[in-house]
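Quick look at input-v6.txt (compact mmCIF, C-alpha atoms and all ligand atoms):
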```txt
# COMPACT_ATOMS: atom_id res chain seq x y z
CA MET M 1 -139.76 -78.66 -122.74
CA ARG M 2 -138.38 -78.91 -126.25
CA ARG M 3 -135.13 -80.91 -126.27
CA LYS M 4 -132.06 -80.04 -128.28
CA ILE M 5 -130.77 -83.24 -129.87
CA VAL M 6 -127.91 -84.16 -132.16
CA ALA M 7 -128.22 -87.72 -133.47
CA GLY M 8 -125.68 -89.59 -135.56
CA ASN M 9 -127.04 -91.95 -138.20
CA TRP M 10 -124.14 -94.23 -139.03
CA LYS M 11 -126.12 -95.97 -141.80
CA MET M 12 -124.34 -99.08 -143.17
CA ASN M 13 -120.90 -97.90 -142.05
CA THR M 14 -118.34 -99.26 -139.57
CA THR M 15 -117.66 -102.82 -138.54
CA LYS M 16 -117.90 -103.71 -134.87
CA VAL M 17 -114.28 -102.78 -134.13
CA ASP M 18 -114.51 -99.38 -135.89
CA GLY M 19 -117.90 -98.70 -134.37
CA VAL M 20 -116.73 -99.35 -130.83
CA GLU M 21 -113.71 -97.12 -131.37
CA LEU M 22 -115.90 -94.32 -132.77
CA ALA M 23 -118.34 -94.71 -129.88
CA LYS M 24 -115.52 -94.49 -127.33
CA GLN M 25 -114.29 -91.26 -128.90
CA VAL M 26 -117.80 -89.80 -128.97
CA ALA M 27 -118.42 -90.85 -125.36
CA GLU M 28 -115.20 -89.29 -124.17
CA ALA M 29 -115.73 -86.00 -126.01
CA SER M 30 -119.41 -85.83 -125.02
CA ALA M 31 -118.38 -84.21 -121.73
CA GLU M 32 -117.61 -81.04 -123.75
CA VAL M 33 -121.20 -80.84 -125.01
CA PRO M 34 -123.54 -78.60 -122.98
CA ALA M 35 -125.77 -80.55 -120.60
CA GLU M 36 -128.99 -79.46 -122.32
CA VAL M 37 -127.96 -80.98 -125.67
CA GLY M 38 -128.91 -84.64 -126.01
CA LEU M 39 -126.60 -86.91 -127.99
CA VAL M 40 -127.71 -90.07 -129.77
CA VAL M 41 -125.85 -92.50 -132.02
CA ALA M 42 -127.44 -95.07 -134.32
CA PRO M 43 -124.97 -97.79 -135.35
CA PRO M 44 -125.87 -100.87 -137.42
CA PHE M 45 -127.81 -103.62 -135.59
CA THR M 46 -124.78 -105.93 -135.45
CA HIS M 47 -122.90 -103.75 -133.01
CA LEU M 48 -125.63 -102.02 -131.04
CA CYS M 49 -124.70 -104.14 -128.05
CA ALA M 50 -120.96 -103.48 -128.22
CA VAL M 51 -121.44 -99.77 -128.91
CA GLY M 52 -123.89 -99.57 -125.99
CA LYS M 53 -121.16 -100.92 -123.71
CA ALA M 54 -118.66 -98.40 -125.09
CA LEU M 55 -121.11 -95.57 -124.32
CA ALA M 56 -121.83 -96.73 -120.75
CA GLY M 57 -121.46 -93.96 -118.20
CA SER M 58 -121.60 -91.19 -120.83
CA LYS M 59 -124.59 -89.04 -121.79
CA VAL M 60 -124.73 -90.54 -125.29
CA GLU M 61 -127.92 -92.50 -125.96
CA LEU M 62 -128.20 -95.49 -128.28
CA SER M 63 -130.60 -95.79 -131.22
CA ALA M 64 -131.46 -98.33 -133.88
CA GLN M 65 -131.83 -97.22 -137.50
CA ASN M 66 -135.05 -99.14 -138.10
CA CYS M 67 -137.26 -101.82 -136.53
CA ALA M 68 -139.58 -104.57 -137.73
CA ASP M 69 -143.30 -103.99 -138.20
CA HIS M 70 -144.11 -107.17 -136.24
CA THR M 71 -143.29 -108.19 -132.68
CA SER M 72 -141.77 -111.65 -133.33
CA GLY M 73 -142.07 -114.73 -135.46
CA ALA M 74 -141.35 -115.84 -139.01
CA TYR M 75 -139.91 -112.60 -140.45
CA THR M 76 -136.48 -113.59 -141.70
CA GLY M 77 -133.91 -110.84 -141.51
CA GLU M 78 -135.98 -108.50 -139.33
CA VAL M 79 -135.17 -107.11 -135.87
CA SER M 80 -137.97 -106.45 -133.38
CA VAL M 81 -138.46 -103.55 -130.99
CA ASP M 82 -138.01 -105.86 -128.00
CA MET M 83 -134.64 -107.01 -129.35
CA ILE M 84 -133.60 -103.41 -129.85
CA LYS M 85 -134.76 -102.40 -126.40
CA ALA M 86 -133.03 -105.40 -124.81
CA VAL M 87 -129.60 -104.30 -126.03
CA GLY M 88 -130.00 -100.89 -124.44
CA CYS M 89 -131.50 -98.69 -127.12
CA GLY M 90 -133.63 -95.76 -126.07
CA TRP M 91 -134.56 -94.82 -129.63
CA THR M 92 -135.16 -95.96 -133.15
CA ILE M 93 -134.98 -93.91 -136.33
CA LEU M 94 -137.97 -94.63 -138.61
CA GLY M 95 -138.90 -93.68 -142.15
CA HIS M 96 -135.48 -92.55 -143.31
CA SER M 97 -135.69 -91.57 -146.98
CA GLU M 98 -133.24 -94.34 -147.90
CA ARG M 99 -135.65 -96.88 -146.38
CA ARG M 100 -138.62 -95.26 -148.11
CA GLU M 101 -136.77 -95.23 -151.44
CA TYR M 102 -134.88 -98.55 -151.47
CA TYR M 103 -136.91 -100.78 -149.14
CA GLY M 104 -140.49 -99.83 -149.87
CA GLU M 105 -141.16 -98.28 -146.47
CA THR M 106 -144.69 -96.89 -146.62
CA ASP M 107 -146.47 -94.53 -144.25
CA GLU M 108 -148.80 -97.43 -143.33
CA LYS M 109 -145.82 -99.52 -142.25
CA LEU M 110 -144.43 -96.56 -140.35
CA VAL M 111 -147.63 -96.29 -138.34
CA GLU M 112 -147.23 -99.94 -137.29
CA LYS M 113 -143.54 -99.54 -136.52
CA THR M 114 -144.13 -96.37 -134.52
CA LYS M 115 -146.88 -98.09 -132.49
CA LEU M 116 -144.60 -101.01 -131.65
CA ALA M 117 -141.62 -98.78 -130.84
CA LEU M 118 -143.64 -96.57 -128.48
CA ALA M 119 -145.23 -99.61 -126.83
CA ALA M 120 -141.74 -101.02 -126.20
CA GLY M 121 -140.71 -97.74 -124.56
CA LEU M 122 -138.51 -96.53 -127.39
CA GLY M 123 -138.41 -92.92 -128.56
CA VAL M 124 -138.95 -92.50 -132.30
CA ILE M 125 -137.05 -90.21 -134.66
CA LEU M 126 -139.42 -90.02 -137.62
CA CYS M 127 -137.85 -88.76 -140.85
CA VAL M 128 -139.76 -86.77 -143.44
CA GLY M 129 -138.61 -84.75 -146.44
CA GLU M 130 -139.15 -84.06 -150.10
CA LYS M 131 -137.20 -85.18 -153.16
CA LEU M 132 -135.53 -82.71 -155.51
CA GLU M 133 -138.25 -82.86 -158.17
CA GLN M 134 -140.89 -82.28 -155.51
CA ARG M 135 -139.09 -79.18 -154.26
CA GLU M 136 -138.59 -77.91 -157.80
CA ALA M 137 -142.32 -78.36 -158.42
CA GLY M 138 -143.05 -76.37 -155.25
CA LYS M 139 -144.61 -79.42 -153.59
CA HIS M 140 -142.30 -79.65 -150.58
CA PHE M 141 -144.85 -78.29 -148.12
CA ASP M 142 -147.53 -80.73 -149.28
CA VAL M 143 -145.16 -83.71 -149.25
CA CYS M 144 -143.94 -83.02 -145.72
CA ALA M 145 -147.44 -82.28 -144.41
CA GLU M 146 -148.68 -85.55 -145.86
CA GLN M 147 -145.83 -87.60 -144.41
CA VAL M 148 -146.36 -86.07 -140.97
CA LYS M 149 -150.15 -86.47 -141.09
CA ASN M 150 -150.12 -90.02 -142.52
CA VAL M 151 -148.07 -91.27 -139.60
CA LEU M 152 -148.36 -88.97 -136.62
CA TYR M 153 -152.06 -88.20 -136.80
CA HIS M 154 -152.63 -91.83 -135.71
CA PHE M 155 -151.10 -91.03 -132.32
CA SER M 156 -152.06 -89.15 -129.17
CA ALA M 157 -150.68 -85.96 -127.67
CA GLU M 158 -149.15 -88.17 -124.96
CA ASP M 159 -147.39 -90.31 -127.60
CA MET M 160 -145.95 -87.18 -129.18
CA LYS M 161 -143.77 -86.66 -126.11
CA ASN M 162 -141.70 -89.63 -127.27
CA ILE M 163 -141.50 -88.68 -130.93
CA VAL M 164 -138.99 -86.40 -132.62
CA ILE M 165 -139.33 -85.35 -136.27
CA ALA M 166 -136.28 -85.12 -138.52
CA TYR M 167 -136.79 -82.99 -141.62
CA GLU M 168 -134.36 -84.25 -144.24
CA PRO M 169 -134.69 -82.89 -147.77
CA VAL M 170 -133.67 -85.90 -149.88
CA TRP M 171 -131.68 -83.68 -152.26
CA ALA M 172 -129.44 -82.62 -149.37
CA ILE M 173 -128.65 -86.09 -147.99
CA GLY M 174 -125.07 -87.13 -148.64
CA THR M 175 -124.83 -84.67 -151.53
CA GLY M 176 -122.93 -81.87 -149.84
CA LYS M 177 -125.87 -79.56 -150.68
CA THR M 178 -127.44 -78.22 -147.52
CA ALA M 179 -130.77 -76.47 -147.34
CA THR M 180 -130.14 -72.83 -146.52
CA SER M 181 -131.02 -71.92 -142.97
CA GLU M 182 -133.98 -69.91 -144.33
CA GLN M 183 -135.26 -72.88 -146.37
CA ALA M 184 -134.89 -75.18 -143.37
CA GLN M 185 -136.47 -72.73 -140.90
CA GLU M 186 -139.41 -72.14 -143.22
CA ILE M 187 -140.29 -75.79 -143.47
CA HIS M 188 -139.56 -76.57 -139.81
CA ALA M 189 -142.03 -73.85 -138.80
CA PHE M 190 -144.52 -75.27 -141.28
CA ILE M 191 -144.11 -78.82 -139.89
CA ARG M 192 -144.56 -77.52 -136.35
CA ASN M 193 -147.79 -75.95 -137.53
CA VAL M 194 -148.97 -79.27 -138.99
CA VAL M 195 -148.36 -80.80 -135.55
CA ALA M 196 -150.20 -77.90 -133.87
CA GLU M 197 -153.25 -78.33 -136.13
CA LYS M 198 -153.91 -81.76 -134.68
CA PHE M 199 -152.37 -81.67 -131.22
CA GLY M 200 -152.47 -77.99 -130.25
CA ALA M 201 -149.85 -75.32 -129.79
CA GLU M 202 -148.37 -76.69 -126.59
CA VAL M 203 -147.52 -80.13 -128.03
CA ALA M 204 -146.11 -78.48 -131.15
CA GLU M 205 -143.97 -76.10 -129.11
CA ASP M 206 -142.56 -79.02 -127.10
CA MET M 207 -141.76 -81.09 -130.19
CA SER M 208 -138.12 -81.36 -131.24
CA ILE M 209 -137.68 -81.01 -135.00
CA LEU M 210 -134.19 -81.89 -136.25
CA TYR M 211 -132.63 -80.93 -139.56
CA GLY M 212 -130.75 -83.54 -141.61
CA GLY M 213 -128.90 -83.39 -144.92
CA SER M 214 -125.19 -82.56 -145.22
CA CYS M 215 -125.16 -80.93 -141.79
CA LYS M 216 -121.54 -80.39 -140.76
CA PRO M 217 -119.45 -78.26 -138.37
CA SER M 218 -119.30 -75.41 -140.90
CA ASN M 219 -123.07 -74.98 -141.27
CA ALA M 220 -124.51 -76.33 -137.99
CA LYS M 221 -124.26 -73.03 -136.14
CA GLU M 222 -126.38 -71.13 -138.62
CA LEU M 223 -128.93 -73.94 -138.91
CA PHE M 224 -129.24 -74.44 -135.15
CA ALA M 225 -129.66 -70.70 -134.60
CA GLN M 226 -133.06 -70.90 -136.30
CA LYS M 227 -136.05 -70.73 -134.01
CA ASP M 228 -137.64 -74.00 -135.14
CA ILE M 229 -134.51 -76.10 -135.66
CA ASP M 230 -133.82 -78.10 -132.51
CA GLY M 231 -130.78 -80.04 -133.63
CA GLY M 232 -129.69 -82.38 -136.35
CA LEU M 233 -129.72 -85.91 -137.71
CA ILE M 234 -126.19 -86.30 -138.96
CA GLY M 235 -125.00 -88.87 -141.50
CA GLY M 236 -121.51 -88.50 -142.97
CA ALA M 237 -120.21 -86.09 -140.33
CA ALA M 238 -121.27 -88.48 -137.53
CA LEU M 239 -118.58 -90.94 -138.63
CA LYS M 240 -115.86 -88.64 -137.31
CA ALA M 241 -116.16 -88.08 -133.55
CA SER M 242 -114.59 -84.61 -133.61
CA ASP M 243 -117.00 -83.37 -136.31
CA PHE M 244 -120.01 -84.89 -134.59
CA ILE M 245 -119.09 -83.28 -131.27
CA GLU M 246 -118.35 -79.95 -132.90
CA ILE M 247 -121.81 -80.01 -134.46
CA ALA M 248 -123.31 -80.74 -131.03
CA LYS M 249 -121.47 -77.72 -129.62
CA SER M 250 -122.96 -75.43 -132.29
CA PHE M 251 -126.08 -74.26 -130.43
P1 LIG B 301 -125.83 -86.76 -144.40
O1 LIG B 301 -127.03 -87.76 -144.00
O2 LIG B 301 -125.55 -85.93 -143.16
O3 LIG B 301 -124.71 -87.63 -144.78
O4 LIG B 301 -126.35 -85.91 -145.52
C1 LIG B 301 -128.06 -87.38 -143.16
C2 LIG B 301 -129.07 -88.50 -143.02
O5 LIG B 301 -129.37 -89.16 -144.01
O6 LIG B 301 -129.58 -88.77 -141.90
```
I'd like the structure from this file rewritten - as structure tokens, please.
Amino acid sequence: MRRKIVAGNWKMNTTKVDGVELAKQVAEASAEVPAEVGLVVAPPFTHLCAVGKALAGSKVELSAQNCADHTSGAYTGEVSVDMIKAVGCGWTILGHSERREYYGETDEKLVEKTKLALAAGLGVILCVGEKLEQREAGKHFDVCAEQVKNVLYHFSAEDMKNIVIAYEPVWAIGTGKTATSEQAQEIHAFIRNVVAEKFGAEVAEDMSILYGGSCKPSNAKELFAQKDIDGGLIGGAALKASDFIEIAKSF
């Protein structure tokens, strides 16, 4: 069964004290969110543990924003999947456009990271999406298909049960510009088809595909009403508990 999910990507925001406070507010308000909507928050590594404690007893699941492409050893500054799992995460985001753009995250690395995350028992939220110039050149379908194929075609239908795709047009992230619900639906349906080509219709139907990019309370309803949009990966609006929860109540 396809899951509805609203995930908050806190990026490099909040210190431990702010993060714990935000998590407490989200946890408390999460009772208002319908049972079938999954909630996830992804704070910075430094307060995963403390935020996890603040979420205890609520339905809100914990995610990392990234993981290392090795299991352990001499990789200064990196955080492994086992470390992430050990502090209570159920998920990691991978391949966010900011990591692709600023930290040289390649599809090859994402294959390794996804393998390690799945082996550690983490769910993966894999981000894909085109840049503005790619959309303007009409290449958005090709770009998204390639990103999905380059990573996910290395996995099995069984693995796909623990993977969620987040379509995030780079031109809509943090810019206040949202894809229209028609633009988003069109590409979500296309991405689902790319999944179906390799894994069959059933796997594709069960796959959750989230929209990300300036999703907020005022546009979530229309986006989530689309047939192939199963929720959102929320940046800016996830830093305010009331907005995040309102988005999650928009199905
Ligand atoms: P935004 O970020 O909601 O602030 O546009 C979304 C994301 O990058 O995941």
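Proximity ranking of M:Gly90, M:Gly52, M:Pro217, M:Gly57 relative to M:Glu28 places M:Gly57 first, based on all atoms listed in the file.
Residue nearest ligand LIG 301 (chain B), chosen from M:Ala137, M:Ala157, M:Ile173, M:Ala54 and counting only C-alpha atoms and all ligand atoms: M:Ile173.
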Between M:Pro169, M:Gly19, M:Gly213, M:Pro34, which is the closest to ligand LIG 301 (chain B) once you count only C-alpha atoms and all ligand atoms?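 Checking each of M:Pro169, M:Gly19, M:Gly213, M:Pro34 against ligand LIG 301 (chain B), counting only C-alpha atoms and all ligand atoms, the winner is M:Gly213.
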Suppose you want the space between atom CA of M:Asn162 and atom CA of M:Gly123; what is it in Å?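 So the answer is 4.8 Å.
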List as a PyMOL selection string the protein and nucleic acid residues near M:Leu39, meaning an atom at most 9 Å away when all atoms listed in the file are counted, but skip any in the same chain fewer than 4 places from it.
chain M and resi 4-8+30+33+59-62+245+248
Review point. Within 10 Å of ligand LIG 301 (chain B), counting all atoms listed in the file, which protein or nucleic acid residues do you find, written as number ranges by chain?
Key: M: 7-11, 65, 93, 96-98, 127, 166-178, 211-216, 232-239
Could you save those same residues with C-alpha atoms as a short mmCIF file (atom, residue, chain, number, x, y, z; two decimals), keeping the file's coordinate frame?
```
data_model
loop_
_atom_site.label_atom_id
_atom_site.label_comp_id
_atom_site.auth_asym_id
_atom_site.auth_seq_id
_atom_site.Cartn_x
_atom_site.Cartn_y
_atom_site.Cartn_z
CA ALA M 7 -128.22 -87.72 -133.47
CA GLY M 8 -125.68 -89.59 -135.56
CA ASN M 9 -127.04 -91.95 -138.20
CA TRP M 10 -124.14 -94.23 -139.03
CA LYS M 11 -126.12 -95.97 -141.80
CA GLN M 65 -131.83 -97.22 -137.50
CA ILE M 93 -134.98 -93.91 -136.33
CA HIS M 96 -135.48 -92.55 -143.31
CA SER M 97 -135.69 -91.57 -146.98
CA GLU M 98 -133.24 -94.34 -147.90
CA CYS M 127 -137.85 -88.76 -140.85
CA ALA M 166 -136.28 -85.12 -138.52
CA TYR M 167 -136.79 -82.99 -141.62
CA GLU M 168 -134.36 -84.25 -144.24
CA PRO M 169 -134.69 -82.89 -147.77
CA VAL M 170 -133.67 -85.90 -149.88
CA TRP M 171 -131.68 -83.68 -152.26
CA ALA M 172 -129.44 -82.62 -149.37
CA ILE M 173 -128.65 -86.09 -147.99
CA GLY M 174 -125.07 -87.13 -148.64
CA THR M 175 -124.83 -84.67 -151.53
CA GLY M 176 -122.93 -81.87 -149.84
CA LYS M 177 -125.87 -79.56 -150.68
CA THR M 178 -127.44 -78.22 -147.52
CA TYR M 211 -132.63 -80.93 -139.56
CA GLY M 212 -130.75 -83.54 -141.61
CA GLY M 213 -128.90 -83.39 -144.92
CA SER M 214 -125.19 -82.56 -145.22
CA CYS M 215 -125.16 -80.93 -141.79
CA LYS M 216 -121.54 -80.39 -140.76
CA GLY M 232 -129.69 -82.38 -136.35
CA LEU M 233 -129.72 -85.91 -137.71
CA ILE M 234 -126.19 -86.30 -138.96
CA GLY M 235 -125.00 -88.87 -141.50
CA GLY M 236 -121.51 -88.50 -142.97
CA ALA M 237 -120.21 -86.09 -140.33
CA ALA M 238 -121.27 -88.48 -137.53
CA LEU M 239 -118.58 -90.94 -138.63
#
```
Neighbour list for M:Glu222 as a PDB file with C-alpha atoms, in the frame of the given file, cut-off 9 Å, all atoms listed in the file, skip fewer than 2 positions in-chain:
```pdb
ATOM      1  CA  THR M 180    -130.140 -72.830-146.520  1.00  0.00           C
ATOM      2  CA  SER M 181    -131.020 -71.920-142.970  1.00  0.00           C
ATOM      3  CA  SER M 218    -119.300 -75.410-140.900  1.00  0.00           C
ATOM      4  CA  ASN M 219    -123.070 -74.980-141.270  1.00  0.00           C
ATOM      5  CA  ALA M 220    -124.510 -76.330-137.990  1.00  0.00           C
ATOM      6  CA  PHE M 224    -129.240 -74.440-135.150  1.00  0.00           C
ATOM      7  CA  ALA M 225    -129.660 -70.700-134.600  1.00  0.00           C
ATOM      8  CA  GLN M 226    -133.060 -70.900-136.300  1.00  0.00           C
ATOM      9  CA  SER M 250    -122.960 -75.430-132.290  1.00  0.00           C
ATOM     10  CA  PHE M 251    -126.080 -74.260-130.430  1.00  0.00           C
TER      11      PHE M 251
END
```
One residue among M:Asp228, M:Asp82, M:Phe141, M:Ala241 is nearest to M:Leu118 when using all atoms listed in the file, and that residue is M:Asp82
Discussion item. If we count all atoms listed in the file and set the cut-off at 10 Å, which residues sit around M:Glu205, ignoring sequence neighbours fewer than 6 positions away in its own chain? Please answer as a list in words.
Written reply: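 My reading of the contact set: Met1, Arg2, Arg192, Asn193, Val195, Ala196 and Asp228 of chain M.
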Quiz prompt | Two-atom distance - atom CA of M:Phe199, atom CA of M:Tyr153 (Å) | solution =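 Calculated distance between atom CA of M:Phe199 and atom CA of M:Tyr153 is 8.6 Å.
Of note, atom CA of M:Gly77 and atom CA of M:Pro44 are spaced 13.4 Å apart.
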| said: Just want the 10 Å neighbourhood of M:Ser80, counted on only C-alpha atoms, with same-chain residues fewer than 4 positions away dropped. Output as a ChimeraX atom specification. | reply: /M:66-73,75,84-86,113,116-117,120
Show me, as a list of chain:residue names, the residues that have an atom within 6 Å of M:Trp91 when counting all atoms listed in the file, minus same-chain residues fewer than 3 positions from it.
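The residues that qualify are M:Ser63, M:Leu122, M:Gly123, M:Val124.
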Tell me which of M:Ala204, M:Val37, M:Leu48, M:Ile163 sits closest to M:Ala23, counting all atoms listed in the file.
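That would be M:Leu48, the residue with the smallest distance to M:Ala23.
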Q. Between M:Ile209, M:Leu223, M:Glu158, M:Val128, which has the minimum distance to M:Gln183 (counting all atoms listed in the file)?
A.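 Once distances to M:Gln183 are computed over all atoms listed in the file, the minimum belongs to M:Leu223.
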